[in-house]
Each structure stands twice: as structure tokens, then as C-alpha cells.
$ cat final_9.txt   # compact mmCIF, C-alpha atoms
# COMPACT_ATOMS: atom_id res chain seq x y z
CA MET A 4 -7.69 13.33 74.13
CA THR A 5 -8.53 13.28 70.44
CA GLN A 6 -10.53 10.04 70.80
CA GLN A 7 -12.97 11.65 73.26
CA LEU A 8 -14.21 14.27 70.81
CA CYS A 9 -17.48 13.69 69.00
CA PRO A 10 -16.90 13.09 65.29
CA TYR A 11 -16.80 16.23 63.14
CA ALA A 12 -19.28 16.14 60.25
CA ILE A 13 -17.38 16.95 57.05
CA ASP A 14 -18.99 19.48 54.70
CA VAL A 15 -19.47 17.32 51.62
CA SER A 16 -19.82 20.41 49.41
CA GLY A 17 -16.23 21.52 50.08
CA ALA A 18 -17.38 25.12 50.53
CA ASP A 19 -14.36 26.05 52.68
CA ILE A 20 -11.64 23.39 52.57
CA HIS A 21 -9.07 25.49 54.40
CA GLY A 22 -11.45 26.79 57.05
CA GLU A 23 -12.48 23.24 57.79
CA ALA A 24 -8.85 22.13 57.85
CA ALA A 25 -8.08 24.76 60.50
CA ALA A 26 -11.05 23.65 62.59
CA LEU A 27 -9.96 20.02 62.37
CA ARG A 28 -6.33 20.89 63.17
CA ALA A 29 -7.53 22.60 66.35
CA ARG A 30 -9.01 19.26 67.47
CA GLY A 31 -5.66 17.46 67.21
CA ARG A 32 -3.21 16.18 64.67
CA ALA A 33 -5.72 13.45 63.82
CA THR A 34 -9.40 13.53 64.74
CA ARG A 35 -12.57 11.55 64.19
CA VAL A 36 -14.89 12.70 61.41
CA LEU A 37 -18.19 11.73 59.81
CA LEU A 38 -18.13 11.24 56.04
CA PRO A 39 -21.24 10.95 53.84
CA GLU A 40 -23.86 8.43 55.00
CA GLY A 41 -22.38 8.38 58.49
CA VAL A 42 -19.08 6.62 57.72
CA GLU A 43 -16.58 7.36 60.52
CA ALA A 44 -12.87 7.89 59.81
CA TRP A 45 -9.70 9.45 61.16
CA TRP A 46 -8.79 12.76 59.52
CA VAL A 47 -5.07 13.59 59.57
CA THR A 48 -4.05 17.26 59.40
CA ASP A 49 -0.49 17.17 60.79
CA GLN A 50 2.15 17.01 58.04
CA GLU A 51 4.68 14.93 59.96
CA LEU A 52 2.05 12.44 61.10
CA LEU A 53 0.69 12.30 57.57
CA LYS A 54 4.15 11.48 56.19
CA GLN A 55 4.66 8.93 58.93
CA LEU A 56 1.41 7.14 58.10
CA LEU A 57 2.01 7.29 54.35
CA THR A 58 5.25 5.35 54.83
CA ASP A 59 4.05 3.02 57.60
CA PRO A 60 3.64 -0.61 56.44
CA ARG A 61 0.75 -0.87 58.91
CA VAL A 62 -1.29 1.49 56.70
CA SER A 63 -2.93 0.20 53.53
CA ARG A 64 -5.08 1.59 50.71
CA ASP A 65 -6.48 -1.83 49.87
CA THR A 66 -10.17 -1.51 50.74
CA TYR A 67 -10.95 -5.13 49.98
CA ARG A 68 -8.31 -6.56 52.29
CA HIS A 69 -8.23 -4.06 55.13
CA TRP A 70 -11.62 -2.36 55.62
CA PRO A 71 -13.91 -4.82 57.40
CA ALA A 72 -17.01 -2.69 56.70
CA TRP A 73 -16.43 -3.20 52.97
CA GLU A 74 -16.80 -6.98 53.27
CA ASN A 75 -14.71 -7.54 50.13
CA GLY A 76 -17.17 -5.43 48.14
CA GLU A 77 -20.24 -7.40 49.23
CA SER A 78 -21.60 -5.15 51.98
CA GLU A 79 -24.51 -2.75 51.67
CA LEU A 80 -22.00 0.07 52.16
CA ALA A 81 -19.96 -1.14 49.18
CA ARG A 82 -23.08 -1.23 47.00
CA THR A 83 -24.55 2.12 47.98
CA TRP A 84 -21.95 4.52 49.43
CA SER A 85 -21.72 7.79 47.51
CA LEU A 86 -17.91 7.77 47.78
CA ALA A 87 -17.53 4.12 46.75
CA MET A 88 -15.67 5.04 43.55
CA TRP A 89 -12.89 6.56 45.64
CA VAL A 90 -12.14 3.31 47.45
CA SER A 91 -13.34 0.50 45.17
CA ASP A 92 -10.95 0.88 42.23
CA ARG A 93 -8.06 -1.53 41.76
CA ASN A 94 -4.85 0.12 40.61
CA MET A 95 -1.42 0.98 41.89
CA ILE A 96 -2.67 3.75 44.16
CA THR A 97 -5.08 1.49 46.06
CA ALA A 98 -2.87 -1.60 46.18
CA TYR A 99 -0.82 -2.71 49.17
CA GLY A 100 2.60 -4.29 49.61
CA ASP A 101 3.70 -6.64 46.85
CA GLU A 102 0.55 -5.88 44.84
CA HIS A 103 1.42 -2.19 44.84
CA ARG A 104 4.99 -2.82 43.74
CA ARG A 105 3.78 -5.10 40.94
CA LEU A 106 1.27 -2.56 39.57
CA ARG A 107 3.51 0.47 39.93
CA LYS A 108 6.31 -1.31 38.08
CA LEU A 109 3.96 -2.20 35.22
CA VAL A 110 2.65 1.37 34.93
CA ALA A 111 6.09 2.96 35.27
CA LYS A 112 7.20 0.75 32.39
CA ALA A 113 4.80 2.67 30.15
CA PHE A 114 4.88 6.05 31.95
CA THR A 115 8.53 6.77 31.24
CA ALA A 116 10.56 9.95 31.70
CA ARG A 117 11.19 9.93 27.96
CA ARG A 118 7.48 10.05 27.21
CA THR A 119 7.07 13.01 29.56
CA SER A 120 10.07 15.01 28.31
CA VAL A 121 9.13 14.75 24.65
CA LEU A 122 5.76 16.33 25.41
CA ARG A 123 7.23 19.84 25.82
CA PRO A 124 6.75 20.95 22.18
CA ARG A 125 3.20 19.61 22.17
CA ILE A 126 2.34 21.38 25.44
CA GLU A 127 3.76 24.61 24.05
CA ALA A 128 1.67 24.24 20.90
CA ILE A 129 -1.51 23.62 22.89
CA CYS A 130 -0.85 26.69 25.05
CA ASP A 131 -0.16 28.86 21.99
CA ARG A 132 -3.40 27.76 20.30
CA LEU A 133 -5.48 28.50 23.39
CA LEU A 134 -3.80 31.88 23.90
CA ASP A 135 -4.48 32.73 20.26
CA GLU A 136 -8.16 32.00 20.86
CA LEU A 137 -8.18 34.20 23.97
CA GLU A 138 -6.62 37.04 22.00
CA THR A 139 -9.69 37.17 19.77
CA LEU A 140 -11.83 38.35 22.70
CA PRO A 141 -12.62 42.10 22.70
CA PRO A 142 -10.81 44.21 25.32
CA GLY A 143 -12.83 44.47 28.51
CA GLU A 144 -14.78 41.26 27.94
CA PRO A 145 -14.39 38.88 30.90
CA ALA A 146 -13.00 35.43 30.17
CA ASP A 147 -13.24 32.32 32.31
CA LEU A 148 -9.56 31.46 32.49
CA ARG A 149 -10.19 28.12 34.18
CA GLY A 150 -12.59 27.02 31.47
CA ARG A 151 -10.66 28.44 28.54
CA TYR A 152 -7.05 27.80 29.56
CA ALA A 153 -6.35 26.05 32.89
CA TYR A 154 -8.80 23.28 32.01
CA PRO A 155 -8.10 22.52 28.33
CA VAL A 156 -4.30 22.49 28.60
CA PRO A 157 -3.96 19.40 30.84
CA THR A 158 -7.10 17.67 29.53
CA GLN A 159 -5.72 17.84 25.99
CA VAL A 160 -2.27 16.70 27.10
CA ILE A 161 -3.46 13.68 29.12
CA SER A 162 -5.98 12.71 26.45
CA GLU A 163 -3.26 12.62 23.81
CA LEU A 164 -0.95 10.74 26.16
CA LEU A 165 -3.62 8.09 26.73
CA GLY A 166 -4.84 8.14 23.13
CA ILE A 167 -8.39 9.22 24.01
CA PRO A 168 -10.21 10.44 20.87
CA ASP A 169 -11.63 13.97 20.90
CA GLY A 170 -15.21 12.80 20.43
CA PHE A 171 -14.89 10.41 23.36
CA ARG A 172 -13.14 12.75 25.77
CA ASP A 173 -16.09 15.01 26.65
CA ASP A 174 -18.30 12.15 27.84
CA LEU A 175 -15.45 10.73 29.90
CA LEU A 176 -14.66 14.11 31.44
CA LYS A 177 -18.31 14.64 32.38
CA ALA A 178 -18.41 11.29 34.21
CA VAL A 179 -15.11 11.96 36.00
CA HIS A 180 -16.25 15.39 37.14
CA THR A 181 -19.45 13.93 38.54
CA MET A 182 -17.28 11.49 40.49
CA LEU A 183 -15.31 14.46 41.87
CA GLU A 184 -18.48 16.19 43.12
CA THR A 185 -18.64 14.82 46.65
CA SER A 186 -22.07 16.33 47.34
CA THR A 187 -23.59 13.96 44.74
CA SER A 188 -26.30 11.66 46.11
CA ALA A 189 -25.68 7.94 46.46
CA ASP A 190 -28.10 7.13 43.62
CA GLU A 191 -26.49 9.67 41.29
CA ALA A 192 -23.02 8.42 42.22
CA LYS A 193 -23.97 4.80 41.47
CA ALA A 194 -25.52 5.71 38.10
CA ASN A 195 -22.42 7.71 37.23
CA GLU A 196 -20.19 4.80 38.25
CA VAL A 197 -22.03 2.52 35.81
CA ARG A 198 -21.72 5.10 33.03
CA LEU A 199 -18.05 5.74 33.75
CA TYR A 200 -17.11 2.07 33.52
CA GLU A 201 -19.14 1.68 30.32
CA LEU A 202 -17.05 4.44 28.76
CA LEU A 203 -13.76 3.02 30.04
CA HIS A 204 -14.51 -0.46 28.71
CA GLN A 205 -15.51 1.05 25.36
CA LEU A 206 -12.22 2.91 25.23
CA VAL A 207 -10.17 -0.18 26.07
CA ALA A 208 -12.08 -2.25 23.51
CA ALA A 209 -11.47 0.36 20.80
CA LYS A 210 -7.76 0.62 21.61
CA ARG A 211 -7.43 -3.15 21.75
CA GLU A 212 -8.96 -3.38 18.25
CA THR A 213 -6.93 -0.47 16.86
CA PRO A 214 -3.87 0.17 19.04
CA GLY A 215 -1.84 3.33 18.67
CA ASP A 216 1.34 4.94 19.96
CA ASP A 217 -0.23 5.86 23.30
CA LEU A 218 -0.21 4.88 26.94
CA THR A 219 -3.53 3.02 26.89
CA SER A 220 -2.30 0.79 24.07
CA GLU A 221 0.92 0.12 26.00
CA LEU A 222 -1.03 -0.81 29.12
CA ILE A 223 -3.22 -3.13 27.05
CA SER A 224 -0.12 -4.81 25.68
CA VAL A 225 1.13 -5.29 29.23
CA ARG A 226 -2.25 -6.83 30.07
CA ASP A 227 -2.44 -9.09 26.99
CA GLU A 228 1.12 -10.07 26.24
CA ASP A 229 1.26 -12.76 28.94
CA GLY A 230 -2.38 -13.77 29.12
CA GLY A 231 -3.23 -11.28 31.82
CA ALA A 232 -0.80 -12.61 34.40
CA GLY A 233 0.65 -9.16 34.98
CA LEU A 234 -2.45 -6.93 34.89
CA SER A 235 -6.09 -7.93 35.27
CA GLU A 236 -8.80 -6.34 33.13
CA ARG A 237 -10.15 -4.45 36.15
CA GLU A 238 -6.66 -3.22 37.01
CA LEU A 239 -6.16 -2.10 33.41
CA VAL A 240 -9.41 -0.12 33.31
CA ASP A 241 -8.88 1.40 36.75
CA THR A 242 -5.30 2.38 35.89
CA VAL A 243 -6.54 4.27 32.83
CA LEU A 244 -9.12 5.98 35.06
CA LEU A 245 -6.47 6.90 37.62
CA ILE A 246 -4.06 8.36 35.07
CA PHE A 247 -6.80 10.28 33.28
CA THR A 248 -8.32 11.74 36.46
CA ALA A 249 -5.13 12.59 38.33
CA GLY A 250 -3.45 13.56 35.07
CA HIS A 251 -5.75 16.48 34.41
CA GLU A 252 -7.64 17.53 37.57
CA THR A 253 -4.54 18.20 39.65
CA THR A 254 -2.95 20.37 36.95
CA VAL A 255 -6.19 22.24 36.24
CA ASN A 256 -6.37 23.20 39.91
CA LEU A 257 -2.67 24.06 40.04
CA LEU A 258 -2.98 26.48 37.10
CA ASP A 259 -6.26 27.88 38.43
CA HIS A 260 -4.82 28.65 41.88
CA ALA A 261 -1.50 29.89 40.51
CA VAL A 262 -3.15 32.55 38.36
CA LEU A 263 -5.57 33.62 41.08
CA THR A 264 -2.85 33.79 43.74
CA LEU A 265 -0.42 35.75 41.58
CA LEU A 266 -3.09 38.27 40.60
CA ARG A 267 -3.89 38.77 44.28
CA HIS A 268 -0.18 39.39 45.03
CA PRO A 269 0.93 41.88 42.36
CA ASP A 270 4.24 42.65 44.08
CA GLN A 271 5.29 39.00 43.93
CA LEU A 272 3.96 38.66 40.39
CA ALA A 273 6.08 41.66 39.38
CA ALA A 274 9.17 40.00 40.86
CA VAL A 275 8.45 36.83 38.90
CA LEU A 276 7.88 38.68 35.62
CA ALA A 277 11.08 40.67 36.19
CA GLY A 278 13.02 37.42 36.44
CA ASP A 279 13.91 37.90 40.10
CA VAL A 280 11.95 34.79 41.13
CA PRO A 281 11.90 31.55 39.10
CA TRP A 282 8.58 30.10 38.02
CA GLU A 283 9.54 26.85 39.74
CA ASP A 284 9.35 28.62 43.11
CA VAL A 285 5.88 29.92 42.26
CA ILE A 286 4.70 26.43 41.35
CA GLU A 287 6.01 24.86 44.57
CA GLU A 288 4.56 27.57 46.81
CA VAL A 289 1.16 27.27 45.10
CA LEU A 290 1.27 23.48 45.52
CA ARG A 291 2.02 23.97 49.21
CA LEU A 292 -0.66 26.59 49.75
CA GLU A 293 -3.38 25.04 47.59
CA ALA A 294 -2.97 21.28 47.31
CA PRO A 295 -4.84 20.33 44.09
CA PHE A 296 -6.47 17.38 45.87
CA GLY A 297 -7.32 18.81 49.26
CA ASN A 298 -8.26 15.55 50.97
CA LEU A 299 -8.08 11.96 49.81
CA PRO A 300 -10.01 8.94 51.11
CA MET A 301 -9.15 6.31 52.24
CA ARG A 302 -6.42 4.33 53.95
CA TYR A 303 -6.79 1.67 56.62
CA ALA A 304 -4.92 0.45 59.68
CA VAL A 305 -3.67 -3.07 58.99
CA GLU A 306 -3.17 -3.51 62.75
CA ASP A 307 -3.58 -1.30 65.78
CA ILE A 308 -1.38 1.79 65.40
CA VAL A 309 -0.57 3.12 68.86
CA LEU A 310 0.71 6.70 68.88
CA ASP A 311 1.52 8.98 71.80
CA ASP A 312 -1.84 10.73 71.84
CA LEU A 313 -4.18 8.36 70.00
CA THR A 314 -4.71 4.84 68.77
CA ILE A 315 -5.95 4.03 65.27
CA ALA A 316 -7.51 0.62 65.64
CA LYS A 317 -7.12 -2.19 63.12
CA GLY A 318 -9.50 -1.74 60.20
CA GLU A 319 -10.32 1.91 60.91
CA PRO A 320 -10.29 4.17 57.84
CA ILE A 321 -8.02 7.20 57.49
CA VAL A 322 -8.35 10.34 55.35
CA VAL A 323 -5.18 12.32 54.67
CA SER A 324 -5.60 16.08 54.32
CA PHE A 325 -3.00 17.43 51.92
CA ALA A 326 -4.63 20.86 52.20
CA ALA A 327 -4.17 20.94 55.97
CA ALA A 328 -0.61 19.58 55.78
CA GLY A 329 0.41 22.29 53.33
CA ARG A 330 -0.58 24.94 55.87
CA ASP A 331 0.73 23.18 58.97
CA PRO A 332 2.26 25.98 61.11
CA LYS A 333 4.65 23.53 62.76
CA VAL A 334 6.31 23.07 59.35
CA HIS A 335 5.63 26.34 57.54
CA GLY A 336 5.44 28.84 60.40
CA GLU A 337 2.75 31.19 61.60
CA THR A 338 2.39 32.64 58.09
CA ALA A 339 1.51 29.24 56.62
CA ASP A 340 -1.84 30.59 55.33
CA THR A 341 -0.16 33.25 53.19
CA PHE A 342 1.54 33.13 49.78
CA ASP A 343 5.28 33.76 49.81
CA VAL A 344 7.41 32.67 46.84
CA ALA A 345 10.54 33.12 48.98
CA ARG A 346 9.28 30.82 51.75
CA PRO A 347 12.17 28.53 52.80
CA THR A 348 9.79 25.55 53.18
CA ARG A 349 7.95 26.01 49.86
CA ARG A 350 9.24 22.66 48.56
CA GLU A 351 8.51 20.80 51.81
CA HIS A 352 4.96 19.87 50.90
CA VAL A 353 3.06 16.65 50.20
CA ALA A 354 0.74 17.92 47.47
CA PHE A 355 1.68 14.97 45.24
CA GLY A 356 1.70 12.45 48.06
CA HIS A 357 4.63 10.93 49.88
CA GLY A 358 6.48 7.66 50.00
CA VAL A 359 5.64 4.70 47.78
CA HIS A 360 2.41 6.33 46.59
CA HIS A 361 4.06 9.56 45.44
CA CYS A 362 2.39 10.56 42.18
CA LEU A 363 4.15 9.23 39.06
CA GLY A 364 2.67 12.11 37.05
CA ALA A 365 4.09 14.90 39.24
CA PRO A 366 6.89 15.74 36.74
CA LEU A 367 4.29 16.14 33.97
CA ALA A 368 2.12 18.46 36.10
CA ARG A 369 5.14 20.61 36.95
CA LEU A 370 6.21 20.69 33.30
CA GLU A 371 2.75 21.81 32.15
CA ALA A 372 2.65 24.57 34.77
CA ALA A 373 6.21 25.69 33.94
CA ILE A 374 5.12 26.13 30.31
CA ALA A 375 1.54 27.37 30.66
CA LEU A 376 2.03 30.06 33.33
CA PRO A 377 4.88 32.09 31.77
CA ALA A 378 3.23 31.76 28.35
CA LEU A 379 0.00 33.22 29.73
CA PHE A 380 1.60 36.22 31.42
CA ALA A 381 3.92 36.85 28.46
CA ARG A 382 0.90 37.09 26.17
CA PHE A 383 -1.27 39.06 28.63
CA PRO A 384 1.05 41.04 30.95
CA HIS A 385 -1.83 43.24 32.16
CA LEU A 386 -4.07 40.34 33.14
CA THR A 387 -6.39 41.22 36.06
CA LEU A 388 -9.26 39.64 37.94
CA ALA A 389 -12.64 40.61 36.50
CA ARG A 390 -14.25 40.66 39.97
CA PRO A 391 -11.34 41.25 42.37
CA GLN A 392 -13.54 41.73 45.45
CA GLU A 393 -15.24 38.35 45.05
CA ARG A 394 -14.02 34.92 46.08
CA PRO A 395 -14.44 32.58 43.11
CA ALA A 396 -16.95 29.85 43.90
CA PRO A 397 -15.21 26.60 44.85
CA LEU A 398 -15.89 23.25 43.24
CA GLU A 399 -18.54 21.19 45.01
CA SER A 400 -15.95 18.78 46.33
CA PHE A 401 -13.96 18.25 49.50
CA ILE A 402 -11.48 16.25 47.42
CA SER A 403 -10.74 18.43 44.38
CA ASN A 404 -9.54 21.89 45.42
CA GLY A 405 -10.34 24.37 42.65
CA HIS A 406 -12.93 26.84 41.39
CA ARG A 407 -15.97 26.54 39.16
CA GLU A 408 -14.68 29.45 37.09
CA LEU A 409 -11.97 32.12 37.18
CA PRO A 410 -13.21 35.35 35.52
CA VAL A 411 -10.39 37.62 34.31
CA LEU A 412 -9.82 40.64 32.07
CA LEU A 413 -7.07 39.92 29.57
CA ARG A 414 -6.35 43.57 28.71
CA PRO A 415 -7.11 46.95 30.27
$ encode --input "final_9.txt" --output "C-alpha cells"
Amino acid sequence: MTQQLCPYAIDVSGADIHGEAAALRARGRATRVLLPEGVEAWWVTDQELLKQLLTDPRVSRDTYRHWPAWENGESELARTWSLAMWVSDRNMITAYGDEHRRLRKLVAKAFTARRTSVLRPRIEAICDRLLDELETLPPGEPADLRGRYAYPVPTQVISELLGIPDGFRDDLLKAVHTMLETSTSADEAKANEVRLYELLHQLVAAKRETPGDDLTSELISVRDEDGGAGLSERELVDTVLLIFTAGHETTVNLLDHAVLTLLRHPDQLAAVLAGDVPWEDVIEEVLRLEAPFGNLPMRYAVEDIVLDDLTIAKGEPIVVSFAAAGRDPKVHGETADTFDVARPTRREHVAFGHGVHHCLGAPLARLEAAIALPALFARFPHLTLARPQERPAPLESFISNGHRELPVLLRP
């Protein structure tokens, strides 16, 4: 039985997210794990069970209400845990029940389809500018495509959407990336948390004083227009943090993995460039194979959840593994670990979540990829990996699934 296994100690450095996912899957569709500082949780690798739990009203993301160890934010764990930032924020993604519906409705009011669709010309302009800069590099000189293209495209887009000034963005990005590094010590994580909230409050104060035509200003108006009855100050700040973090990191990793995967499969790349395969199929298969957020803490059992082979007791935390679900052989077959743009199940993934917590920004991420990828290969049709025999070093994170850099040669 799964419950009888000793907890599996998660590699906090994220050195091999998929290797670890396979090892955890072999222990059962959900298994006990040890997170940093000895926190025990259930780790779910089975896609159908994951979807079941993500839509089960007995599962909550509200740490304050449903994780007894948190003690409403007053416990020693709440004050010192290195992953506290991932469970302590208050926004639509961590809310439960009526609170979640209230916050999602308020955010969706500002995050409209119209705002996303009108971004296409701006995304195209950002891609063109970055590609122009890459063209100035001498032939044969390696370029870090993650740092010089996959990263700046979505960070510029989400910053403009939120109205984050250029001079402010770098400090905010540095703090967010430290939060994403799950090997960070508890002391470093706490210091970064303080710095991150200082920056967020400064941003909100500046936008409140001088509002603009941007999402942050709209969220502030939602907060202020009725005396704060609809959105608390903490919810406002944490919502900006959520949109900024998820709005760039997921797309950076999507672009990063898409380029790497296509270059490692030249026959499939050739079919795409010949027009035989649509870019949308590439994007969905990459999302399935390489979920941008590999694993996401935490959810909690609101009451005992009795399943056929295990029982998740009331108050026990749960981590969902999107990386493992995307390669679940029961859904995607025995070739689930391989890239195949013609895979019949390529769209049957949960890379952007599932159910009521499905990512509101998923259409924007897909739009950015659908613009940035064909533009890149149109400009550099002979793009190759600079070090094809090497595996690019992964990020130091078991949450964010990407690489520290992606060295390429733009021209022969």
C-alpha cells in the first residue's frame, strides 16, 4: 500500500524533475514525500487522480483555513519555512469556495479577452526588436536564447500589461526568481519575502498615486472603488504577484523547451516549417511533455478523502505534479516520455491546471508562443544548438521547469 512506504525526500534543487517523477510514479499514483525542513505531503503523479482532486470540493488551497500545521500563519513553520511564499499568499489561486469565486470574478473583470487579443501587435513588435538584436551577433558566436529571447518576450509583455516601469521591473524579477529557487535557505527565503513585498507595495503605491491604462491600476480601482469590500490590500498585492510570476515564468519555460525540443527533433521541425504541422500542435505537445511549472505546492484535504488504495487524511497537504501527469503512460501511452507533434493526446494535458483553478492567463501564453516561435525560425531557419551533446543545466527549482541558459548558433 502507498501509505506503508517511507516518505521520499524531494530533491529541492530540481536537478531531474522527470526522473524523480518516474520514481515517484513507481511508488503509486500518490505517495508520501518529504519537502524542505521535513514537511510531509502527498505527491500526486497520476493524471486522472490529479484532475479528480483538482475538482473535488474536499480539496482546498487555503492554507490558513485547512492546514492545521500553519496555525493561521502563527506557527513556527509559517514564520520560517523556506517554501512559505508558495502557500501564504492570498489571491484567487489560493482561495477556496466562495472566496475563490469572489476573487476570480474580480480579476477576470480586469483580465479580459479583449485585453489579451489586442496585445498581438505589441507582442509581434517585441519579438521583431529582439530578433533584430540577435541578428547583430557575428556568425558562429553562441547566443543564450533563453536569456535573449525566451525570457524578455513574456517579461516585457506582462510588465506592460501590469504597468510595471522598466526601472522597477529588474528588481521585481530578481526577487521573484529567488522565490522560484527552491534550494534557497529558509533565512534567504524570508529576507527575499520581505524585499519582494516591499517592492510590490511600492508599485501599488505608485500606481495608486498615478494610475494608468494597465491591469494594476484596474485592480486598484476594484480595491478602492467600494472601500475595499471587494478586494483587501493583501489580496490586491498578492494578485499582482500571481499575475506577474505566472504571467512570465510559464511562458519563458514554454519557449525555452519548445526551441530545445524542436532542435533535438529536426524531422518534426522540418514538418512544422514546411507547413505540414501547425504551430498550435507543437505548443500543446511541448506543454504536455514539459509542464512549465513541474510541481506546485500545496493543497489540503478539507476532510478525510478515502480512495480505493489510499486515504488522504483531513488537513494533510498535497502537491500536484503537472510534470508527472503530462507523461502519465496510462493517458499518453508507453511513448509518453518522447516528443511527437502528431500524438493524439497532445491536448489532453493539465499544464495550465484543471477545473476552477485553470490558469486565466493560458490564452496569453499560447498567443505569445504562437507568435514568438514561428518568428524565431523564420528569421533563423538554420538555428542549431551550440552544444548539442550537452543537457542544458536546469533551473534550481522543483517548481519551475526550465533551463539556466539555452546556448544556440543562429547561423552556420
$ atom_distance --input "final_9.txt" --atom1 "atom CA of Ala368 of chain A" --atom2 "atom CA of Ala111 of chain A"
16.0 Å
$ atom_distance --input "final_9.txt" --atom1 "atom CA of Met182 of chain A" --atom2 "atom CA of Ala25 of chain A"
25.7 Å
$ closest_atom_pairs --input "final_9.txt" --of "segment 274-339 of chain A" --to "segment 343-358 of chain A" --cutoff "6 Å" --atoms "all atoms listed in the file" --output "tab-separated table"
residue	atom	partner	partner_atom	distance
A:Asp284	CA	A:Val344	CA	5.8
A:Val285	CA	A:Val344	CA	5.6
A:Glu287	CA	A:Arg350	CA	5.6
A:Glu288	CA	A:Arg349	CA	4.8
A:Leu290	CA	A:Ala354	CA	5.9
A:Arg291	CA	A:His352	CA	5.3
A:Ala294	CA	A:Ala354	CA	5.0
A:Phe325	CA	A:Ala354	CA	5.8
A:Gly329	CA	A:His352	CA	5.7
$ residues_around --input "final_9.txt" --residues "Leu412 of chain A" --least-positions-apart "4" --cutoff "10 Å" --atoms "all atoms listed in the file" --output "list in words"
Leu140, Pro141, Pro142, Gly143, Glu144, Pro145, Ala146, Asp147, Leu148, Phe383, His385, Leu386, Thr387, Leu388, Ala389 and Arg390 of chain A
$ residues_near_point --input "final_9.txt" --point "(1.0, 16.6, 26.6)" --cutoff "10 Å" --atoms "all atoms listed in the file" --output "list in words"
Arg118, Thr119, Ser120, Val121, Leu122, Arg123, Pro124, Arg125, Ile126, Glu127, Ala128, Ile129, Val156, Pro157, Thr158, Gln159, Val160, Ile161, Ser162, Glu163, Leu164, Leu165, Leu367, Ala368, Leu370 and Glu371 of chain A
$ atom_distance --input "final_9.txt" --atom1 "atom CA of His251 of chain A" --atom2 "atom CA of Leu413 of chain A"
24.0 Å
$ closest_residue --input "final_9.txt" --among "A:Arg117, A:Val197, A:Thr83, A:His260" --to "Arg149 of chain A" --atoms "all atoms listed in the file"
A:His260
$ closest_residue --input "final_9.txt" --among "A:Pro415, A:Pro269, A:Pro168, A:Gly76" --to "Phe342 of chain A" --atoms "only C-alpha atoms"
A:Pro269
